[in-house]
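Novice: Dropping a structure here in structure tokens format, bear with me for questions.
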Amino acid sequence: MSSESDELQDLVPADARSIYSETVIDHAMAPRNLEAIQNADGFASERGPCGDTMEIWLRIKSGCIARATFMTDGCGPSIASGSMVTEMATGKSTGEAHRITQRDVLDALGGLPEDSEHCALLAAKTLKAALKDYIATKQEPWKRTYRRH
């Protein structure tokens with residue numbers, strides 16, 4: 001009997017395997033941290049150039065990201081990028097997480113086709129916006145009341 005992961009991998013067409021790395025396929029088929037956090041410490045929703053939307057929620061403890069989650073209405077590369085950026089950010093200080101770039105996400109995924117690289121940019125940009133929201137609500141906690149999520 002094959003594992004659930006093996007069964008999911010069998011669903012990936014051979015041509016997709018020639019375009020995407022195994023890491024991209026894994027994160028797209030079995031995304032990590034795919035959920036919303038209630039009363040998050042930081043939140044952002046960004047729209048990419050192709051129309052995909054990504055949302056990132058952060059739980060911050062003692063200046064470090066204890067939990068990062070995401071949701072997207074985007075394609076497989078968007079899902080993989082959101083999954084990867086939340087994995088990369090978890091456990092890092094807010095300053096370290098703020099330095100995560102599109103290139104970092106692309107490198108961690110093993111690359112994306114040129115026409116999908118904007119998905120990694122969307123993930124990095126949304127993470128930075130969620131960190132910015134965390135800082136703003138930390139400085140002015142009343143702003144949390146007016147969030148729309």
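A note on labels: chains of the structure tokens are A, B, ... as shown, every chain counts residues from 1, and ligands are counted from 1 in their shown order.
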Can you pull out the residues contacting A:Cys64? Cut-off 8 Å, using only C-alpha atoms, and skip same-chain residues under 2 positions away; I want them as a VMD selection string.
Specialist: chain A and resid 60 to 62 66 90 to 94
Novice: What's the 9 Å shell around A:Leu109, counting only C-alpha atoms, without same-chain residues fewer than 3 positions away, as a list in words?
Specialist: Ser21, Glu22, Thr23, Val24, His27, Ala80, Ser81, Met84, Asp104, Val105, Leu106 and Leu112 of chain A
Novice: Please run DSSP on the backbone and report, as a list in words, all residues within chain A that come out as strand (DSSP E or B).
Specialist: Leu34, Gly42, Phe43, Ala44, Ser45, Glu46, Arg47, Thr53, Met54, Glu55, Ile56, Trp57, Leu58, Arg59, Ile60, Lys61, Cys64, Ile65, Ala66, Arg67, Ala68, Thr69, Phe70, Met71, Thr72 and Ser93 of chain A
Novice: Selection from above, N, CA and C atoms, as an mmCIF file, in the first residue's frame, can you write it?
Specialist:
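Listing of result.cif after writing:
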data_model
loop_
_atom_site.group_PDB
_atom_site.id
_atom_site.type_symbol
_atom_site.label_atom_id
_atom_site.label_comp_id
_atom_site.auth_asym_id
_atom_site.auth_seq_id
_atom_site.Cartn_x
_atom_site.Cartn_y
_atom_site.Cartn_z
ATOM 1 N N LEU A 34 -1.453 26.065 5.806
ATOM 2 C CA LEU A 34 -2.565 26.576 5.000
ATOM 3 C C LEU A 34 -3.803 26.735 5.884
ATOM 4 N N GLY A 42 -0.082 39.812 13.241
ATOM 5 C CA GLY A 42 0.181 40.508 11.984
ATOM 6 C C GLY A 42 -0.604 39.846 10.872
ATOM 7 N N PHE A 43 -1.116 40.648 9.953
ATOM 8 C CA PHE A 43 -1.902 40.121 8.835
ATOM 9 C C PHE A 43 -1.700 41.010 7.617
ATOM 10 N N ALA A 44 -1.683 40.372 6.440
ATOM 11 C CA ALA A 44 -1.653 41.138 5.188
ATOM 12 C C ALA A 44 -2.329 40.343 4.092
ATOM 13 N N SER A 45 -2.912 41.086 3.170
ATOM 14 C CA SER A 45 -3.505 40.517 1.966
ATOM 15 C C SER A 45 -2.977 41.329 0.792
ATOM 16 N N GLU A 46 -2.346 40.646 -0.151
ATOM 17 C CA GLU A 46 -1.746 41.307 -1.310
ATOM 18 C C GLU A 46 -2.223 40.628 -2.586
ATOM 19 N N ARG A 47 -2.325 41.408 -3.651
ATOM 20 C CA ARG A 47 -2.691 40.878 -4.960
ATOM 21 C C ARG A 47 -1.471 40.969 -5.872
ATOM 22 N N THR A 53 -4.309 36.357 -5.191
ATOM 23 C CA THR A 53 -4.290 37.018 -3.892
ATOM 24 C C THR A 53 -3.644 36.078 -2.884
ATOM 25 N N MET A 54 -2.795 36.636 -2.022
ATOM 26 C CA MET A 54 -2.201 35.859 -0.941
ATOM 27 C C MET A 54 -2.450 36.601 0.366
ATOM 28 N N GLU A 55 -2.769 35.836 1.388
ATOM 29 C CA GLU A 55 -2.943 36.377 2.732
ATOM 30 C C GLU A 55 -1.989 35.636 3.658
ATOM 31 N N ILE A 56 -1.365 36.383 4.565
ATOM 32 C CA ILE A 56 -0.466 35.785 5.546
ATOM 33 C C ILE A 56 -0.843 36.296 6.929
ATOM 34 N N TRP A 57 -0.909 35.362 7.879
ATOM 35 C CA TRP A 57 -1.169 35.651 9.285
ATOM 36 C C TRP A 57 0.067 35.289 10.087
ATOM 37 N N LEU A 58 0.394 36.110 11.080
ATOM 38 C CA LEU A 58 1.562 35.870 11.922
ATOM 39 C C LEU A 58 1.187 35.860 13.399
ATOM 40 N N ARG A 59 1.781 34.940 14.137
ATOM 41 C CA ARG A 59 1.714 34.926 15.595
ATOM 42 C C ARG A 59 3.152 35.155 16.052
ATOM 43 N N ILE A 60 3.347 36.220 16.819
ATOM 44 C CA ILE A 60 4.688 36.631 17.229
ATOM 45 C C ILE A 60 4.813 36.508 18.752
ATOM 46 N N LYS A 61 5.885 35.874 19.179
ATOM 47 C CA LYS A 61 6.172 35.721 20.611
ATOM 48 C C LYS A 61 7.608 36.157 20.860
ATOM 49 N N CYS A 64 9.864 36.907 17.913
ATOM 50 C CA CYS A 64 10.088 35.850 16.917
ATOM 51 C C CYS A 64 8.752 35.351 16.374
ATOM 52 N N ILE A 65 8.781 34.892 15.147
ATOM 53 C CA ILE A 65 7.563 34.362 14.528
ATOM 54 C C ILE A 65 7.359 32.936 15.030
ATOM 55 N N ALA A 66 6.357 32.790 15.891
ATOM 56 C CA ALA A 66 6.041 31.483 16.453
ATOM 57 C C ALA A 66 5.205 30.669 15.463
ATOM 58 N N ARG A 67 4.430 31.374 14.648
ATOM 59 C CA ARG A 67 3.572 30.691 13.688
ATOM 60 C C ARG A 67 3.295 31.627 12.527
ATOM 61 N N ALA A 68 3.369 31.101 11.321
ATOM 62 C CA ALA A 68 3.026 31.853 10.111
ATOM 63 C C ALA A 68 2.138 30.951 9.262
ATOM 64 N N THR A 69 1.019 31.493 8.810
ATOM 65 C CA THR A 69 0.100 30.722 7.982
ATOM 66 C C THR A 69 -0.290 31.557 6.772
ATOM 67 N N PHE A 70 -0.884 30.896 5.774
ATOM 68 C CA PHE A 70 -1.259 31.618 4.568
ATOM 69 C C PHE A 70 -2.490 30.998 3.925
ATOM 70 N N MET A 71 -3.075 31.759 3.017
ATOM 71 C CA MET A 71 -4.146 31.298 2.128
ATOM 72 C C MET A 71 -3.907 32.003 0.796
ATOM 73 N N THR A 72 -4.242 31.337 -0.288
ATOM 74 C CA THR A 72 -4.148 31.956 -1.596
ATOM 75 C C THR A 72 -5.233 31.393 -2.495
ATOM 76 N N SER A 93 13.417 35.779 13.874
ATOM 77 C CA SER A 93 13.046 37.062 14.467
ATOM 78 C C SER A 93 12.308 37.862 13.397
#
Novice: With DSSP run on the backbone, what are the helix (DSSP H, G or I) residues within stretch 52-95 of chain A? I'd like them as a PyMOL selection string.
Specialist: chain A and resi 76-89+94-95
Novice: May I have the residues from that selection written out with N, CA and C atoms, as a CSV table (one decimal), in the first residue's frame?
Specialist:
chain,number,residue,atom,x,y,z
A,76,GLY,N,-0.6,26.6,-8.5
A,76,GLY,CA,0.3,25.7,-7.8
A,76,GLY,C,1.6,26.4,-7.4
A,77,PRO,N,2.2,27.2,-8.3
A,77,PRO,CA,3.4,27.9,-7.8
A,77,PRO,C,3.1,29.0,-6.7
A,78,SER,N,1.9,29.6,-6.7
A,78,SER,CA,1.5,30.5,-5.6
A,78,SER,C,1.4,29.7,-4.3
A,79,ILE,N,0.7,28.6,-4.4
A,79,ILE,CA,0.6,27.8,-3.2
A,79,ILE,C,1.9,27.3,-2.7
A,80,ALA,N,2.8,26.9,-3.5
A,80,ALA,CA,4.1,26.4,-3.1
A,80,ALA,C,4.9,27.6,-2.5
A,81,SER,N,4.8,28.8,-3.1
A,81,SER,CA,5.5,30.0,-2.6
A,81,SER,C,5.0,30.4,-1.2
A,82,GLY,N,3.7,30.4,-1.0
A,82,GLY,CA,3.1,30.7,0.3
A,82,GLY,C,3.5,29.7,1.3
A,83,SER,N,3.5,28.4,1.0
A,83,SER,CA,3.9,27.4,1.9
A,83,SER,C,5.3,27.5,2.3
A,84,MET,N,6.2,27.8,1.3
A,84,MET,CA,7.6,27.9,1.6
A,84,MET,C,7.9,29.1,2.4
A,85,VAL,N,7.3,30.3,2.1
A,85,VAL,CA,7.7,31.5,2.8
A,85,VAL,C,7.2,31.4,4.3
A,86,THR,N,6.1,30.7,4.6
A,86,THR,CA,5.7,30.6,6.0
A,86,THR,C,6.6,29.6,6.7
A,87,GLU,N,7.1,28.6,6.0
A,87,GLU,CA,8.1,27.7,6.6
A,87,GLU,C,9.4,28.4,6.9
A,88,MET,N,9.8,29.2,6.0
A,88,MET,CA,11.1,30.0,6.1
A,88,MET,C,11.0,31.0,7.3
A,89,ALA,N,9.8,31.6,7.4
A,89,ALA,CA,9.7,32.7,8.4
A,89,ALA,C,9.5,32.1,9.9
A,94,THR,N,11.6,38.9,13.8
A,94,THR,CA,10.9,39.7,12.8
A,94,THR,C,11.9,40.4,11.9
A,95,GLY,N,13.0,40.8,12.3
A,95,GLY,CA,14.0,41.4,11.5
A,95,GLY,C,14.6,40.4,10.4
Novice: Fewer than 3 positions away in the same chain doesn't count, so skip those; otherwise give me all residues within 8 Å of A:His118, counting only C-alpha atoms, as a PyMOL selection string.
Specialist: chain A and resi 48-49+115+121-122
Novice: Create the file for the chosen residues now, containing C-alpha atoms and written as a short mmCIF file (atom, residue, chain, number, x, y, z; two decimals), in the first residue's frame.
Specialist:
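File written: part.cif
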data_model
loop_
_atom_site.label_atom_id
_atom_site.label_comp_id
_atom_site.auth_asym_id
_atom_site.auth_seq_id
_atom_site.Cartn_x
_atom_site.Cartn_y
_atom_site.Cartn_z
CA GLY A 48 -0.06 39.80 -7.47
CA PRO A 49 0.37 41.01 -11.06
CA ASP A 115 6.59 33.18 -15.96
CA LEU A 121 7.66 37.81 -5.11
CA LEU A 122 4.01 37.85 -4.00
#
Novice: Please report the interatomic distance between atom CA of A:Gly51 and atom CA of A:Cys119 in Å with one decimal.
Specialist: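 Result for atom CA of A:Gly51 versus atom CA of A:Cys119: 10.5 Å, one decimal.
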Novice: Record the distance separating atom CA of A:Lys132 and atom CA of A:Ala30, expressed in Å with one decimal.
Specialist: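 So the answer is 28.2 Å.
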Novice: Have a look at atom CA of A:Glu140 and atom CA of A:Gly63 and let me know their distance in Å, one decimal.
Specialist: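 Atom-to-atom, atom CA of A:Glu140 to atom CA of A:Gly63, that is 16.6 Å.
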Novice: Return the single residue from A:Ala123, A:Pro113, A:Arg103, A:His98 that is closest to A:Ile135, with distances computed using only C-alpha atoms.
Specialist: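 The shortest atom-to-atom distance to A:Ile135 comes from A:His98.
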Novice: Please determine, counting only C-alpha atoms, which residue among A:Asp73, A:Glu35, A:Glu114, A:Cys50 has the shortest atom-to-atom distance to A:Tyr20.
Specialist: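 Closest candidate: A:Glu114.
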